[in-house]
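So the structure is just underneath, and the comments pick up after that.
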Amino acid sequence: MMPELSTLLGSLTPERFLAEYWQKKPLLVRGAVPEIARLISRDDLFHLATDEDIESRLITRADGWQMHHGPFSLRQLKRAAPPWTVLVQNVNLAHAAGDALLRRFDFIPYARLDDLMVSYATDAGGVGPHFDNYDVFLIQGMGSRRWHIGKQKDKTLIDDLPIRIIKNFHPTQEWLLGPGDMLYLPPQWAHDGVAVGECMTFSVGFRAPTAQELGEQFLSFLQERLTLPGRYSDPDLKKPRHAAEIGAAMIDQVAAILSTIRWNRTTVRDFLGASLTEPKASVFFDPPSHPLTITRFAAATKRKGVVLAPASQLLFSGNQFYLNGEDWKIPAHVKPLIRELANRRTLQIARPSGVALAQHALDDAIGLLYEAYCDGFLWPAS
């Protein structure tokens with residue numbers, strides 16, 4: 001079971017948290033996730049760190065700060081010189097309970113939600129004082145971790161290190177977090193967490209691309225969809241005064257061609273829909289090796305519903321839907337159903353919440369869901 005908001009945010013409602021804390025100031029919640037220690041074990045995390053399809057890092061400092069990229073063997077982890085920390089990204093894609101925990105933060109739009117990272121540290125382990133450019137919820141699992149935090153202007157980093165460590169860290173607050181406690185930090189808050197005994201920490205992170213990244217991605221999006229008619233020509237060409245000079249007429253003609261490139265709010269919407277649902281480079285979908293027939297799929301779906309694969313990203317803007325980087329064409333009479341699937345990531349098709357379905361709408365919905373099932377994007381709930 002995942003935490004209720006009454007524990008996850010303490011006494012705060014989501015509305016009050018967003019108004020008073022989100023991107024404004026830190027928040028400590030004691031006992032936010034009481035079940036966290038049972039979510040994933042140390043051995044389960046080590047097993048994930050051995051998987052070549054999962055991003056992991058090992059950070060040690062016995063001989064100065066060092067970082068190694070996985071996958072690792074269990075022998076490497078157990079023989080590392082303490083203190084050390086192993087960090088495993090995208091645990092939500094490989095662990096159902098991790099995905100359920102991540103989705104509990106749905107008071108923040110899924111378009112902003114990134115991943116669940118889980119770290120294990122030996123006594124005194126950590127990654128040094130640093131700051132993140134995004135919001136983060138730090139939930140203490142097994143053991144305890146002491147956090148020092150501060151909102152400092154000096155973010156100078158120590159040179160020539162494999163990880164980003166603040167040179168002059170001046171914390172202003174200190175907390176010891178035990179199992180289930182949660183610390184929320186807005187972007188740019190410096191923090192340093194040190195394990196007290198062995199411990200595990202769950203980090204819920206959010207997307208916060210730079211303006212440069214958005215610009216580059218948008219231009220790439222436009223390039224893939226750009227169609228400009230015509231070709232450069234100069235039938236009235238005159239002998240140049242300087243053979244190596246780029247003439248004013250050439251500049252003017254190319255400027256006129258490029259000025260025909262247009263985009264509007266709909267273009268930006270489609271860019272966001274495609275980019276925000278685009279699977280990460282390490283993500284691959286496995287279609288069912290022995291897919292159900294559509295008849296058996298329909299029967300299973302009507303009994304127990306469907307669930308999105310953990311790696312699937314389904315977002316919408318108004319009546320436009322985007323699934324795993326593609327525009328998903330949905331008939332108007334099926335859109336309320338798919339909207340519920342996007343919001344809940346699961347769908348009881350026989351009893352959709354507040355959605356009355358005619359038989360033809362139900363049949364059309366099952367047809368769409370079956371196509372997504374055959375691509376490995378979703379499957380019947382168990």
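Lettering and numbering for the structure tokens are positional, with chains as A, B, ... in the shown order, residues counted from 1 in each chain, and ligands counted from 1 in the shown order.
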
Per residue of region 173-252 of chain A within 10 Å of region 96-109 of chain A, which atom pair is closest and at what distance in Å (one decimal), using only C-alpha atoms, listed by chain and increasing number, as a tab-separated table?
```
residue	atom	partner	partner_atom	distance
A:Phe202	CA	A:Gly98	CA	9.2
A:Ser203	CA	A:Leu102	CA	9.4
A:Val204	CA	A:Leu102	CA	6.7
A:Gly205	CA	A:Leu102	CA	9.2
A:Phe206	CA	A:Ile108	CA	9.2
```

Write a file of the selected residues as a short mmCIF file (atom, residue, chain, number, x, y, z; two decimals), in the first residue's frame, keeping all heavy atoms.
```cif
data_model
loop_
_atom_site.label_atom_id
_atom_site.label_comp_id
_atom_site.auth_asym_id
_atom_site.auth_seq_id
_atom_site.Cartn_x
_atom_site.Cartn_y
_atom_site.Cartn_z
N PHE A 202 15.31 7.08 -0.88
CA PHE A 202 14.51 7.11 -2.10
C PHE A 202 14.35 8.56 -2.53
O PHE A 202 13.91 9.40 -1.74
CB PHE A 202 13.13 6.49 -1.85
CG PHE A 202 13.18 5.03 -1.49
CD1 PHE A 202 13.68 4.61 -0.27
CD2 PHE A 202 12.73 4.07 -2.39
CE1 PHE A 202 13.74 3.26 0.06
CE2 PHE A 202 12.77 2.71 -2.06
CZ PHE A 202 13.28 2.32 -0.84
N SER A 203 14.71 8.86 -3.77
CA SER A 203 14.66 10.24 -4.27
C SER A 203 13.68 10.34 -5.43
O SER A 203 13.87 9.69 -6.46
CB SER A 203 16.05 10.69 -4.73
OG SER A 203 17.00 10.57 -3.68
N VAL A 204 12.64 11.13 -5.24
CA VAL A 204 11.68 11.40 -6.30
C VAL A 204 12.08 12.71 -6.96
O VAL A 204 12.06 13.77 -6.33
CB VAL A 204 10.24 11.49 -5.76
CG1 VAL A 204 9.26 11.85 -6.87
CG2 VAL A 204 9.84 10.17 -5.09
N GLY A 205 12.48 12.63 -8.24
CA GLY A 205 12.98 13.80 -8.94
C GLY A 205 12.05 14.25 -10.05
O GLY A 205 11.17 13.49 -10.51
N PHE A 206 12.26 15.48 -10.52
CA PHE A 206 11.37 16.09 -11.49
C PHE A 206 12.15 16.66 -12.67
O PHE A 206 13.32 17.02 -12.55
CB PHE A 206 10.54 17.19 -10.82
CG PHE A 206 9.61 16.65 -9.78
CD1 PHE A 206 10.07 16.37 -8.50
CD2 PHE A 206 8.29 16.36 -10.09
CE1 PHE A 206 9.22 15.84 -7.54
CE2 PHE A 206 7.44 15.82 -9.14
CZ PHE A 206 7.91 15.55 -7.87
#
```

**Request:** Enumerate, as a PyMOL selection string, the complete set of residues in region 29-261 of chain A that a backbone-based DSSP assignment places in strand (DSSP E or B).
**Result:** chain A and resi 29+56-60+62+64+66-69+84-88+113-121+130+136-140+144-150+157+166+173-177+182-185+190-196+199-206

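Residues of region 142-235 of chain A that DSSP places in alpha helix (DSSP H), based on the backbone of this structure, are Ala211, Gln212, Glu213, Leu214, Gly215, Glu216, Gln217, Phe218, Leu219, Ser220, Phe221, Leu222, Gln223, Glu224 and Arg225 of chain A.
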
Can I get the selected residues back with C-alpha atoms, as an mmCIF file, in the first residue's frame?
```
data_model
loop_
_atom_site.group_PDB
_atom_site.id
_atom_site.type_symbol
_atom_site.label_atom_id
_atom_site.label_comp_id
_atom_site.auth_asym_id
_atom_site.auth_seq_id
_atom_site.Cartn_x
_atom_site.Cartn_y
_atom_site.Cartn_z
ATOM 1 C CA ALA A 211 15.989 26.963 -21.887
ATOM 2 C CA GLN A 212 18.901 25.908 -24.122
ATOM 3 C CA GLU A 213 17.815 22.254 -24.004
ATOM 4 C CA LEU A 214 14.218 23.174 -24.830
ATOM 5 C CA GLY A 215 15.369 25.303 -27.756
ATOM 6 C CA GLU A 216 17.604 22.593 -29.193
ATOM 7 C CA GLN A 217 14.917 19.921 -28.802
ATOM 8 C CA PHE A 218 12.274 22.147 -30.375
ATOM 9 C CA LEU A 219 14.479 22.925 -33.386
ATOM 10 C CA SER A 220 15.105 19.201 -33.804
ATOM 11 C CA PHE A 221 11.339 18.605 -33.614
ATOM 12 C CA LEU A 222 10.774 21.244 -36.316
ATOM 13 C CA GLN A 223 13.516 19.797 -38.508
ATOM 14 C CA GLU A 224 11.836 16.410 -38.600
ATOM 15 C CA ARG A 225 8.581 18.016 -39.767
#
```

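Of note, CA of Pro26 (chain A) and CA of Pro162 (chain A) are spaced 27.5 Å apart.
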
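Across the model, the gap from CA of Met182 (chain A) to CA of Leu28 (chain A) is 5.9 Å.
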
**Request:** Could you give me, as a ChimeraX atom specification, the residues within 12 Å of Gly318 (chain A), counting only C-alpha atoms and dropping anything in the same chain fewer than 6 positions from it?
**Result:** /A:266,269-270,273,332,335-336,339

So that I have them on file, write out the residues from the current selection with C-alpha atoms, as a PDB file, in the first residue's frame.
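Final output, saved to selection-v8.pdb:
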```pdb
ATOM      1  CA  THR A 266      -0.327  23.974 -31.456  1.00  0.00           C
ATOM      2  CA  ARG A 269       1.838  21.590 -27.706  1.00  0.00           C
ATOM      3  CA  ASP A 270       2.712  18.757 -30.085  1.00  0.00           C
ATOM      4  CA  GLY A 273       3.514  15.931 -26.106  1.00  0.00           C
ATOM      5  CA  ALA A 332     -14.022  11.522 -29.727  1.00  0.00           C
ATOM      6  CA  LYS A 335     -11.432  10.097 -25.243  1.00  0.00           C
ATOM      7  CA  PRO A 336     -13.008  10.188 -21.746  1.00  0.00           C
ATOM      8  CA  ARG A 339      -8.154  10.327 -20.299  1.00  0.00           C
TER       9      ARG A 339
END
```

**Request:** Show which residues sit within 8 Å of Leu45 (chain A), as JSON, numbers by chain. Count only C-alpha atoms, and ignore same-chain residues fewer than 5 positions away.
**Result:** {"A": [40, 88, 118, 120]}

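Each of A:His333, A:Arg146, A:His290, A:His242 was checked against Asp364 (chain A) using only C-alpha atoms; the smallest atom-to-atom distance is that of A:His333.
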
Region 112-180 of chain A near region 274-284 of chain A within 10 Å: what's each residue's closest atom pair and its distance in Å to one decimal, counting only C-alpha atoms, ordered by chain then ascending residue number, as a Markdown table?
```
| residue | atom | partner | partner_atom | distance |
| --- | --- | --- | --- | --- |
| A:Arg112 | CA | A:Leu276 | CA | 8.5 |
| A:Leu113 | CA | A:Leu276 | CA | 9.7 |
| A:Asp114 | CA | A:Leu276 | CA | 9.7 |
```

Take the residues from that selection and write them out as a PDB file, in the first residue's frame, keeping N, CA and C atoms.
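Wrote it out as result_25.pdb, contents follow:
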```pdb
ATOM      1  N   ARG A 112       5.877  16.760 -15.370  1.00  0.00           N
ATOM      2  CA  ARG A 112       7.064  17.221 -14.639  1.00  0.00           C
ATOM      3  C   ARG A 112       7.792  16.080 -13.931  1.00  0.00           C
ATOM      4  N   LEU A 113       7.110  14.974 -13.739  1.00  0.00           N
ATOM      5  CA  LEU A 113       7.674  13.854 -12.982  1.00  0.00           C
ATOM      6  C   LEU A 113       8.750  13.135 -13.785  1.00  0.00           C
ATOM      7  N   ASP A 114       9.880  12.830 -13.146  1.00  0.00           N
ATOM      8  CA  ASP A 114      10.974  12.180 -13.857  1.00  0.00           C
ATOM      9  C   ASP A 114      11.129  10.723 -13.443  1.00  0.00           C
TER      10      ASP A 114
END
```

**Asked** Excluding same-chain residues fewer than 4 positions from region 299-306 of chain A, what lies within 8 Å of it counting only C-alpha atoms, as a list in words?
**Response** Thr295, Thr346, Leu347, Gln348, Ile349, Ala350, Ile366, Leu378, Trp379, Pro380, Ala381 and Ser382 of chain A

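Candidate residues A:Pro171, A:Gly180, A:Pro83, A:Gly150 were compared for distance to Leu39 (chain A), and the nearest is A:Gly180, using only C-alpha atoms.
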
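In this comparison, which uses only C-alpha atoms, the residue of A:Ala309, A:Ile338, A:Ala121, A:Ile149 approaching Ala361 (chain A) most closely is A:Ile338.
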
**Asked** Within 12 Å of Lys25 (chain A), counting only C-alpha atoms, which residues qualify if same-chain residues fewer than 4 places away don't, as an MDAnalysis selection string?
**Response** chainID A and resid 17:21 135:136 149:151 183:189
